[in-house]
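> This is the content of structure.json (JSON, C-alpha atoms):
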[["chain", "number", "residue", "atom", "x", "y", "z"],
["W", 1, "MET", "CA", 100.77, 80.08, 106.73],
["W", 2, "LYS", "CA", 101.64, 82.32, 109.65],
["W", 3, "SER", "CA", 100.90, 85.79, 108.27],
["W", 4, "LEU", "CA", 97.29, 85.33, 107.13],
["W", 5, "SER", "CA", 94.66, 82.74, 107.82],
["W", 6, "ALA", "CA", 93.10, 81.43, 104.64],
["W", 7, "LEU", "CA", 90.29, 79.50, 103.07],
["W", 8, "LEU", "CA", 91.44, 76.67, 100.83],
["W", 9, "PHE", "CA", 89.56, 75.31, 97.85],
["W", 10, "MET", "CA", 90.66, 72.47, 95.61],
["W", 11, "ALA", "CA", 89.05, 71.39, 92.37],
["W", 12, "LEU", "CA", 89.48, 69.25, 89.29],
["W", 13, "HIS", "CA", 89.06, 71.27, 86.13],
["W", 14, "GLN", "CA", 86.42, 69.81, 83.78],
["W", 15, "SER", "CA", 85.75, 66.92, 86.13],
["W", 16, "VAL", "CA", 82.69, 65.93, 88.09],
["W", 17, "SER", "CA", 83.84, 66.80, 91.56],
["W", 18, "ALA", "CA", 85.37, 69.57, 93.55],
["W", 19, "PHE", "CA", 85.89, 69.93, 97.24],
["W", 20, "VAL", "CA", 86.63, 72.41, 99.96],
["W", 21, "VAL", "CA", 89.06, 71.59, 102.71],
["W", 22, "GLY", "CA", 86.16, 70.57, 104.97],
["W", 23, "ARG", "CA", 85.48, 67.78, 102.44],
["W", 24, "SER", "CA", 82.19, 69.44, 101.47],
["W", 25, "ASN", "CA", 81.45, 68.30, 97.94],
["W", 26, "VAL", "CA", 80.15, 70.71, 95.32],
["W", 27, "GLY", "CA", 79.20, 70.19, 91.73],
["W", 28, "LEU", "CA", 81.33, 71.21, 88.78],
["W", 29, "SER", "CA", 80.51, 72.17, 85.25],
["W", 30, "SER", "CA", 82.97, 72.35, 82.39],
["W", 31, "ARG", "CA", 80.95, 75.12, 80.74],
["W", 32, "VAL", "CA", 80.29, 78.58, 82.09],
["W", 33, "HIS", "CA", 76.69, 78.94, 81.00],
["W", 34, "SER", "CA", 76.54, 75.76, 83.04],
["W", 35, "ALA", "CA", 72.99, 76.11, 84.22],
["W", 36, "ALA", "CA", 71.98, 74.06, 81.19],
["W", 37, "ALA", "CA", 74.19, 71.17, 82.23],
["W", 38, "ASP", "CA", 73.71, 71.56, 85.98],
["W", 39, "THR", "CA", 69.99, 72.32, 86.28],
["W", 40, "GLU", "CA", 67.56, 70.52, 88.51],
["W", 41, "VAL", "CA", 63.85, 71.25, 88.06],
["W", 42, "ALA", "CA", 61.40, 70.74, 90.90],
["W", 43, "ALA", "CA", 57.86, 71.07, 89.56],
["W", 44, "SER", "CA", 54.65, 71.68, 91.47],
["W", 45, "SER", "CA", 51.11, 72.23, 90.24],
["W", 46, "ASP", "CA", 51.71, 75.77, 89.05],
["W", 47, "THR", "CA", 55.37, 76.67, 89.61],
["W", 48, "GLU", "CA", 58.78, 75.15, 89.03],
["W", 49, "THR", "CA", 62.13, 75.81, 90.65],
["W", 50, "LEU", "CA", 65.40, 75.88, 88.77],
["W", 51, "SER", "CA", 68.46, 74.92, 90.82],
["W", 52, "LEU", "CA", 71.50, 76.33, 89.05],
["W", 53, "PHE", "CA", 75.25, 76.03, 89.55],
["W", 54, "SER", "CA", 77.14, 79.34, 89.36],
["W", 55, "PRO", "CA", 80.86, 78.66, 88.80],
["W", 56, "CYS", "CA", 83.69, 81.08, 89.50],
["W", 57, "LYS", "CA", 86.75, 81.77, 87.35],
["W", 58, "ILE", "CA", 90.49, 82.29, 87.32],
["W", 59, "ASN", "CA", 92.58, 84.47, 85.00],
["W", 60, "LEU", "CA", 95.38, 82.50, 83.35],
["W", 61, "PHE", "CA", 96.86, 85.82, 82.28],
["W", 62, "LEU", "CA", 95.70, 89.39, 82.82],
["W", 63, "ARG", "CA", 97.24, 92.32, 81.00],
["W", 64, "ILE", "CA", 96.20, 95.92, 81.64],
["W", 65, "ILE", "CA", 96.55, 97.73, 78.33],
["W", 66, "ARG", "CA", 95.62, 101.35, 79.09],
["W", 67, "LYS", "CA", 93.38, 103.63, 81.12],
["W", 68, "ARG", "CA", 90.46, 104.89, 79.08],
["W", 69, "GLU", "CA", 88.98, 108.36, 78.96],
["W", 70, "ASP", "CA", 85.85, 107.07, 80.72],
["W", 71, "GLY", "CA", 87.94, 105.99, 83.72],
["W", 72, "PHE", "CA", 87.81, 102.27, 82.97],
["W", 73, "HIS", "CA", 90.76, 100.21, 81.77],
["W", 74, "ASP", "CA", 91.25, 98.22, 78.59],
["W", 75, "LEU", "CA", 92.49, 94.75, 79.41],
["W", 76, "ALA", "CA", 93.34, 91.48, 77.73],
["W", 77, "SER", "CA", 92.78, 88.34, 79.76],
["W", 78, "LEU", "CA", 92.33, 84.60, 79.41],
["W", 79, "PHE", "CA", 89.40, 83.56, 81.62],
["W", 80, "GLN", "CA", 88.82, 79.97, 82.73],
["W", 81, "ALA", "CA", 85.81, 78.65, 84.65],
["W", 82, "ILE", "CA", 86.57, 76.19, 87.44],
["W", 83, "GLY", "CA", 84.70, 73.63, 89.48],
["W", 84, "PHE", "CA", 83.94, 75.72, 92.51],
["W", 85, "GLY", "CA", 81.00, 78.06, 92.83],
["W", 86, "ASP", "CA", 77.64, 79.04, 94.27],
["W", 87, "SER", "CA", 74.12, 77.73, 93.71],
["W", 88, "LEU", "CA", 71.01, 79.71, 92.84],
["W", 89, "ASP", "CA", 67.40, 78.55, 93.15],
["W", 90, "LEU", "CA", 64.85, 80.47, 91.08],
["W", 91, "THR", "CA", 61.10, 80.01, 91.53],
["W", 92, "PRO", "CA", 58.52, 82.05, 89.61],
["W", 93, "ILE", "CA", 56.03, 83.98, 91.74],
["W", 94, "PRO", "CA", 52.59, 83.70, 90.11],
["W", 95, "GLU", "CA", 51.07, 87.17, 89.69],
["W", 96, "GLY", "CA", 54.01, 88.61, 91.64],
["W", 97, "SER", "CA", 54.92, 92.29, 91.68],
["W", 98, "ALA", "CA", 58.40, 92.10, 93.26],
["W", 99, "ASP", "CA", 61.27, 89.67, 93.53],
["W", 100, "GLU", "CA", 62.07, 87.99, 96.87],
["W", 101, "PHE", "CA", 65.77, 87.44, 97.50],
["W", 102, "THR", "CA", 67.60, 85.54, 100.25],
["W", 103, "CYS", "CA", 71.27, 84.64, 100.72],
["W", 104, "ASN", "CA", 73.10, 82.54, 103.28],
["W", 105, "MET", "CA", 76.27, 84.65, 103.41],
["W", 106, "PRO", "CA", 76.35, 87.52, 105.92],
["W", 107, "GLY", "CA", 77.19, 90.86, 104.37],
["W", 108, "VAL", "CA", 75.75, 90.13, 100.94],
["W", 109, "PRO", "CA", 73.25, 92.89, 100.11],
["W", 110, "VAL", "CA", 69.70, 91.64, 99.67],
["W", 111, "ASP", "CA", 68.27, 94.89, 98.30],
["W", 112, "SER", "CA", 68.04, 96.10, 94.71],
["W", 113, "SER", "CA", 71.81, 96.68, 94.56],
["W", 114, "ASN", "CA", 72.46, 92.92, 94.43],
["W", 115, "LEU", "CA", 73.53, 91.73, 91.00],
["W", 116, "VAL", "CA", 71.04, 88.84, 91.03],
["W", 117, "LEU", "CA", 68.11, 91.22, 91.47],
["W", 118, "ARG", "CA", 69.56, 93.63, 88.93],
["W", 119, "ALA", "CA", 69.91, 90.76, 86.45],
["W", 120, "LEU", "CA", 66.29, 89.70, 86.93],
["W", 121, "GLU", "CA", 65.13, 93.28, 86.41],
["W", 122, "LEU", "CA", 67.29, 93.57, 83.31],
["W", 123, "MET", "CA", 65.68, 90.47, 81.81],
["W", 124, "ARG", "CA", 62.19, 91.87, 82.44],
["W", 125, "THR", "CA", 63.14, 95.18, 80.86],
["W", 126, "LYS", "CA", 64.78, 93.68, 77.79],
["W", 127, "THR", "CA", 62.25, 90.90, 77.10],
["W", 128, "GLY", "CA", 59.06, 92.64, 78.20],
["W", 129, "VAL", "CA", 58.10, 89.54, 80.23],
["W", 130, "LYS", "CA", 56.93, 90.77, 83.65],
["W", 131, "GLN", "CA", 57.80, 87.66, 85.65],
["W", 132, "TYR", "CA", 59.03, 87.92, 89.25],
["W", 133, "TYR", "CA", 60.92, 85.31, 91.27],
["W", 134, "LYS", "CA", 61.90, 83.92, 94.61],
["W", 135, "ALA", "CA", 65.68, 83.75, 94.42],
["W", 136, "ASN", "CA", 67.77, 81.91, 97.01],
["W", 137, "LEU", "CA", 71.53, 82.26, 96.61],
["W", 138, "VAL", "CA", 73.78, 79.83, 98.49],
["W", 139, "LYS", "CA", 77.24, 81.34, 98.35],
["W", 140, "GLN", "CA", 80.56, 79.63, 98.82],
["W", 141, "VAL", "CA", 82.69, 81.97, 96.71],
["W", 142, "PRO", "CA", 83.98, 84.75, 98.98],
["W", 143, "ALA", "CA", 83.80, 88.43, 98.11],
["W", 144, "GLN", "CA", 86.89, 90.42, 97.06],
["W", 145, "ALA", "CA", 88.55, 87.23, 95.87],
["W", 146, "GLY", "CA", 89.19, 87.95, 92.18],
["W", 147, "LEU", "CA", 87.05, 84.92, 91.29],
["W", 148, "GLY", "CA", 84.07, 86.73, 89.75],
["W", 149, "GLY", "CA", 81.50, 85.24, 92.10],
["W", 150, "GLY", "CA", 79.04, 88.13, 91.91],
["W", 151, "SER", "CA", 79.34, 88.38, 88.13],
["W", 152, "ALA", "CA", 78.71, 84.65, 87.81],
["W", 153, "ASN", "CA", 75.60, 84.98, 89.99],
["W", 154, "ALA", "CA", 74.25, 87.69, 87.69],
["W", 155, "ALA", "CA", 74.87, 85.62, 84.55],
["W", 156, "THR", "CA", 73.26, 82.58, 86.17],
["W", 157, "ALA", "CA", 70.21, 84.65, 87.13],
["W", 158, "MET", "CA", 69.89, 85.90, 83.54],
["W", 159, "TRP", "CA", 70.17, 82.37, 82.15],
["W", 160, "GLY", "CA", 67.67, 80.94, 84.65],
["W", 161, "ALA", "CA", 65.13, 83.74, 84.19],
["W", 162, "ASN", "CA", 65.29, 83.27, 80.43],
["W", 163, "GLN", "CA", 64.57, 79.56, 80.85],
["W", 164, "LEU", "CA", 61.60, 80.20, 83.12],
["W", 165, "MET", "CA", 60.27, 82.87, 80.75],
["W", 166, "GLY", "CA", 60.22, 80.36, 77.91],
["W", 167, "SER", "CA", 63.54, 81.44, 76.33],
["W", 168, "PRO", "CA", 62.46, 84.74, 74.74],
["W", 169, "ALA", "CA", 66.12, 85.85, 74.50],
["W", 170, "SER", "CA", 68.92, 84.30, 72.51],
["W", 171, "LEU", "CA", 72.31, 83.67, 74.07],
["W", 172, "GLU", "CA", 73.74, 86.38, 71.82],
["W", 173, "GLU", "CA", 71.20, 88.89, 73.13],
["W", 174, "MET", "CA", 71.96, 88.03, 76.74],
["W", 175, "VAL", "CA", 75.69, 88.41, 76.07],
["W", 176, "GLU", "CA", 75.01, 91.88, 74.67],
["W", 177, "TRP", "CA", 72.71, 92.87, 77.54],
["W", 178, "SER", "CA", 75.07, 91.60, 80.25],
["W", 179, "GLY", "CA", 77.43, 94.52, 79.63],
["W", 180, "ASP", "CA", 74.82, 96.77, 81.24],
["W", 181, "LEU", "CA", 75.50, 95.04, 84.57],
["W", 182, "GLY", "CA", 79.29, 94.71, 84.59],
["W", 183, "SER", "CA", 82.37, 93.86, 82.59],
["W", 184, "ASP", "CA", 82.98, 90.27, 83.75],
["W", 185, "ILE", "CA", 79.39, 89.05, 83.44],
["W", 186, "THR", "CA", 79.71, 88.47, 79.70],
["W", 187, "PHE", "CA", 82.31, 85.76, 80.30],
["W", 188, "PHE", "CA", 79.95, 83.69, 82.43],
["W", 189, "LEU", "CA", 77.70, 83.27, 79.40],
["W", 190, "SER", "CA", 80.53, 81.64, 77.45],
["W", 191, "ARG", "CA", 81.44, 77.97, 77.07],
["W", 192, "GLY", "CA", 83.93, 78.13, 79.94],
["W", 193, "THR", "CA", 87.13, 79.47, 78.41],
["W", 194, "ALA", "CA", 87.36, 82.86, 76.72],
["W", 195, "TYR", "CA", 89.77, 85.57, 75.68],
["W", 196, "CYS", "CA", 88.30, 88.83, 76.93],
["W", 197, "THR", "CA", 89.29, 92.34, 75.85],
["W", 198, "GLY", "CA", 87.91, 95.87, 76.12],
["W", 199, "ARG", "CA", 86.67, 96.30, 79.70],
["W", 200, "GLY", "CA", 86.26, 92.53, 79.69],
["W", 201, "GLU", "CA", 82.95, 92.59, 77.85],
["W", 202, "ILE", "CA", 84.41, 91.71, 74.41],
["W", 203, "MET", "CA", 84.60, 87.93, 74.42],
["W", 204, "ASP", "CA", 86.01, 85.28, 72.11],
["W", 205, "SER", "CA", 85.35, 81.72, 73.24],
["W", 206, "ILE", "CA", 88.32, 79.41, 72.75],
["W", 207, "ASP", "CA", 89.25, 75.81, 73.49],
["W", 208, "PRO", "CA", 90.55, 75.35, 77.04],
["W", 209, "PRO", "CA", 94.35, 75.23, 77.32],
["W", 210, "LEU", "CA", 94.02, 73.13, 80.48],
["W", 211, "PRO", "CA", 93.49, 69.43, 79.80],
["W", 212, "SER", "CA", 90.55, 67.64, 81.37],
["W", 213, "GLY", "CA", 91.35, 66.63, 84.93],
["W", 214, "THR", "CA", 93.82, 69.43, 85.62],
["W", 215, "LYS", "CA", 94.20, 69.80, 89.38],
["W", 216, "LEU", "CA", 93.74, 73.25, 90.83],
["W", 217, "CYS", "CA", 94.07, 74.69, 94.33],
["W", 218, "ILE", "CA", 92.85, 78.13, 95.39],
["W", 219, "VAL", "CA", 94.00, 79.79, 98.60],
["W", 220, "LYS", "CA", 91.95, 82.80, 99.74],
["W", 221, "PRO", "CA", 93.22, 84.91, 102.66],
["W", 222, "ASP", "CA", 90.61, 86.05, 105.14],
["W", 223, "ILE", "CA", 91.16, 89.65, 104.03],
["W", 224, "GLY", "CA", 90.01, 91.15, 100.76],
["W", 225, "LEU", "CA", 90.95, 94.01, 98.48],
["W", 226, "SER", "CA", 88.53, 96.16, 96.54],
["W", 227, "THR", "CA", 89.18, 96.38, 92.82],
["W", 228, "PRO", "CA", 89.29, 100.23, 92.89],
["W", 229, "SER", "CA", 91.98, 100.20, 95.58],
["W", 230, "VAL", "CA", 94.15, 97.86, 93.50],
["W", 231, "PHE", "CA", 93.80, 99.97, 90.35],
["W", 232, "LYS", "CA", 94.57, 103.10, 92.36],
["W", 233, "ALA", "CA", 97.93, 101.57, 93.30],
["W", 234, "LEU", "CA", 98.70, 100.55, 89.70],
["W", 235, "GLU", "CA", 101.97, 101.93, 88.30],
["W", 236, "TYR", "CA", 101.64, 102.07, 84.53],
["W", 237, "ASP", "CA", 105.37, 102.16, 83.87],
["W", 238, "LYS", "CA", 105.70, 98.76, 85.55],
["W", 239, "LEU", "CA", 103.16, 96.87, 83.43],
["W", 240, "SER", "CA", 104.29, 93.73, 81.62],
["W", 241, "GLU", "CA", 105.66, 94.23, 78.12],
["W", 242, "LEU", "CA", 104.36, 90.86, 76.88],
["W", 243, "ASP", "CA", 101.86, 91.34, 74.04],
["W", 244, "ALA", "CA", 98.60, 89.55, 74.78],
["W", 245, "ASP", "CA", 97.56, 89.09, 71.14],
["W", 246, "GLU", "CA", 100.93, 88.23, 69.64],
["W", 247, "GLN", "CA", 102.66, 86.37, 72.47],
["W", 248, "LEU", "CA", 100.46, 85.28, 75.38],
["W", 249, "LEU", "CA", 97.29, 83.99, 73.70],
["W", 250, "PRO", "CA", 99.01, 82.05, 70.87],
["W", 251, "THR", "CA", 101.26, 80.35, 73.41],
["W", 252, "PHE", "CA", 98.39, 79.35, 75.71],
["W", 253, "LEU", "CA", 96.43, 78.03, 72.72],
["W", 254, "LYS", "CA", 99.20, 75.47, 72.17],
["W", 255, "GLY", "CA", 98.42, 73.96, 75.59],
["W", 256, "ILE", "CA", 99.46, 74.65, 79.13],
["W", 257, "ASP", "CA", 102.58, 72.45, 78.94],
["W", 258, "ASP", "CA", 104.16, 74.83, 76.40],
["W", 259, "VAL", "CA", 103.61, 78.00, 78.46],
["W", 260, "PRO", "CA", 106.71, 79.50, 80.12],
["W", 261, "SER", "CA", 106.31, 80.50, 83.75],
["W", 262, "ASP", "CA", 106.74, 84.21, 83.02],
["W", 263, "TYR", "CA", 103.73, 84.08, 80.66],
["W", 264, "PHE", "CA", 101.48, 83.52, 83.68],
["W", 265, "VAL", "CA", 101.35, 87.28, 84.13],
["W", 266, "ASN", "CA", 98.87, 89.38, 86.11],
["W", 267, "ASP", "CA", 99.46, 93.13, 85.92],
["W", 268, "LEU", "CA", 97.36, 93.58, 89.06],
["W", 269, "GLU", "CA", 99.68, 91.50, 91.24],
["W", 270, "PRO", "CA", 102.23, 94.28, 91.96],
["W", 271, "PRO", "CA", 99.62, 96.87, 93.06],
["W", 272, "ALA", "CA", 97.77, 94.24, 95.11],
["W", 273, "PHE", "CA", 101.01, 93.23, 96.81],
["W", 274, "LYS", "CA", 101.73, 96.90, 97.44],
["W", 275, "CYS", "CA", 98.35, 97.26, 99.15],
["W", 276, "LEU", "CA", 98.76, 94.01, 101.07],
["W", 277, "PRO", "CA", 102.39, 92.85, 101.48],
["W", 278, "GLU", "CA", 101.21, 89.72, 103.28],
["W", 279, "LEU", "CA", 99.67, 88.58, 100.01],
["W", 280, "LYS", "CA", 103.05, 88.52, 98.31],
["W", 281, "ALA", "CA", 104.42, 86.55, 101.25],
["W", 282, "LEU", "CA", 101.62, 84.04, 100.78],
["W", 283, "LYS", "CA", 102.39, 83.65, 97.08],
["W", 284, "ASP", "CA", 106.10, 83.21, 97.84],
["W", 285, "GLU", "CA", 105.23, 80.42, 100.28],
["W", 286, "LEU", "CA", 102.98, 78.70, 97.75],
["W", 287, "VAL", "CA", 105.63, 78.85, 95.04],
["W", 288, "GLU", "CA", 107.85, 76.73, 97.29],
["W", 289, "VAL", "CA", 105.25, 73.97, 97.67],
["W", 290, "LYS", "CA", 106.34, 70.83, 95.83],
["W", 291, "GLY", "CA", 103.76, 69.74, 93.28],
["W", 292, "PHE", "CA", 102.56, 73.15, 92.11],
["W", 293, "ASP", "CA", 103.53, 73.96, 88.53],
["W", 294, "HIS", "CA", 102.33, 77.58, 88.46],
["W", 295, "VAL", "CA", 101.16, 79.97, 91.18],
["W", 296, "MET", "CA", 99.53, 83.36, 90.60],
["W", 297, "MET", "CA", 96.85, 85.74, 91.84],
["W", 298, "SER", "CA", 93.45, 85.69, 90.16],
["W", 299, "GLY", "CA", 91.92, 88.96, 88.99],
["W", 300, "SER", "CA", 92.41, 91.80, 91.45],
["W", 301, "GLY", "CA", 92.84, 89.31, 94.32],
["W", 302, "THR", "CA", 93.07, 88.26, 96.96],
["W", 303, "SER", "CA", 92.76, 84.62, 95.87],
["W", 304, "ILE", "CA", 95.90, 82.86, 94.69],
["W", 305, "PHE", "CA", 95.53, 79.78, 92.53],
["W", 306, "CYS", "CA", 98.00, 76.95, 92.07],
["W", 307, "LEU", "CA", 98.03, 74.54, 89.14],
["W", 308, "GLY", "CA", 98.90, 71.06, 90.30],
["W", 309, "GLU", "CA", 98.55, 69.46, 93.71],
["W", 310, "PRO", "CA", 100.84, 69.41, 96.74],
["W", 311, "ALA", "CA", 103.09, 66.39, 97.03],
["W", 312, "ASP", "CA", 102.30, 66.19, 100.75],
["W", 313, "ARG", "CA", 98.68, 67.19, 100.89],
["W", 314, "GLU", "CA", 98.17, 66.59, 104.59],
["W", 315, "ALA", "CA", 101.10, 68.81, 105.56],
["W", 316, "PHE", "CA", 99.92, 71.44, 103.07],
["W", 317, "GLU", "CA", 96.43, 71.61, 104.53],
["W", 318, "GLU", "CA", 97.79, 71.82, 108.07],
["W", 319, "LYS", "CA", 100.05, 74.73, 107.12],
["W", 320, "PHE", "CA", 97.55, 76.72, 105.05]]
What do you get writing this file as structure tokens?

Amino acid sequence: MKSLSALLFMALHQSVSAFVVGRSNVGLSSRVHSAAADTEVAASSDTETLSLFSPCKINLFLRIIRKREDGFHDLASLFQAIGFGDSLDLTPIPEGSADEFTCNMPGVPVDSSNLVLRALELMRTKTGVKQYYKANLVKQVPAQAGLGGGSANAATAMWGANQLMGSPASLEEMVEWSGDLGSDITFFLSRGTAYCTGRGEIMDSIDPPLPSGTKLCIVKPDIGLSTPSVFKALEYDKLSELDADEQLLPTFLKGIDDVPSDYFVNDLEPPAFKCLPELKALKDELVEVKGFDHVMMSGSGTSIFCLGEPADREAFEEKF
């Protein structure tokens, strides 16, 4: 790709492996509240550490329905967790009075604005359990990618804190509370595939339309777009006319093989391409790659995901 340099991630959906182009293996869970399945516990005499996998997501379709009076937008989207993500280690601090947070990725805030710390504080407030933690976040999911990395981190922190507190909260309670932190966080407490409406916080878990072993490639340019900037460029008279409830969801529920190409719709693609024309050029290049069945942007970008795998993988990796 000549216009933008990119990071390239490839994964097997609902498999046991995923890899980045550097051949660095990461774990994969087929469920979004995957800490339960992908938890390692290291116990000492008086503390234990939970090592949790925090998966990211793609949007198989994303319809913007309307702008609300509160300034947010109603949407309808099919979310799917994938086998690429971050890891979070949580260790209780005996008799602690503040959380301690570290992260490997430059630029990630480590103060109280970080969603992990906000999630831990939310759990203390809602449960009444005054437990503090050492939290170490190892990030691989880039920011401004449309992959929900920060939201997943928050959900993972909520799940892990609840485990270490002795499970005072039910999953249903955490789903309800997660809306206080952000719209996408609710999804990451689902089983891995969900139809989300409202601001994204109204969630119906469904069976995955992608069969086990589906191959997936994500290309992330080295430039990002903020979600507000994409929505600012949104032209409401150019939104898709496909009905999410009556057309898109029922078709996807039949399985991915029965979905027409034009049903892979993301209403945020046109404004994102308007903000960053090079992103459209990248998608156009990826569409031409032999082996990819469907190519589209995830969320508000700038990641573009491709279902399938390139026929000539070596040439593909050299180009992108």
> Using all atoms listed in the file, which protein or nucleic acid residues come within 8 Å of His73 of chain W? Drop anything in the same chain fewer than 2 positions from it, and give the result as a PyMOL selection string.
chain W and resi 64-68+71+75+198-199
> If we count all atoms listed in the file, what is near segment 173-184 of chain W at a cut-off of 8 Å, once residues fewer than 6 positions away on the same chain are taken out, given as a list in words?
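The filter keeps Leu115, Arg118, Ala119, Leu122, Lys126, Gly148, Ser151, Ala155, Met158, Arg199, Gly200 and Glu201 of chain W.
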> Find the residue from W:Ala98, W:Glu318, W:Leu60, W:Pro271 that sits nearest to Gly255 of chain W; use all atoms listed in the file when measuring.
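Closest to Gly255 of chain W, using all atoms listed in the file: W:Leu60.
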> Do you have the atom CA of Leu52 of chain W-atom CA of Pro106 of chain W distance handy?
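One can read the atom CA of Leu52 of chain W to atom CA of Pro106 of chain W distance as 20.8 Å.
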> To one decimal place in Å, what is the distance between atom CA of Asp258 of chain W and atom CA of Pro310 of chain W?
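Pair atom CA of Asp258 of chain W / atom CA of Pro310 of chain W returns 21.3 Å.
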> Under the rule that only C-alpha atoms are counted, which of W:Thr227, W:Tyr263, W:Glu172, W:Asp204 is the nearest residue to Thr251 of chain W?
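For Thr251 of chain W, the nearest of the given residues is W:Tyr263.
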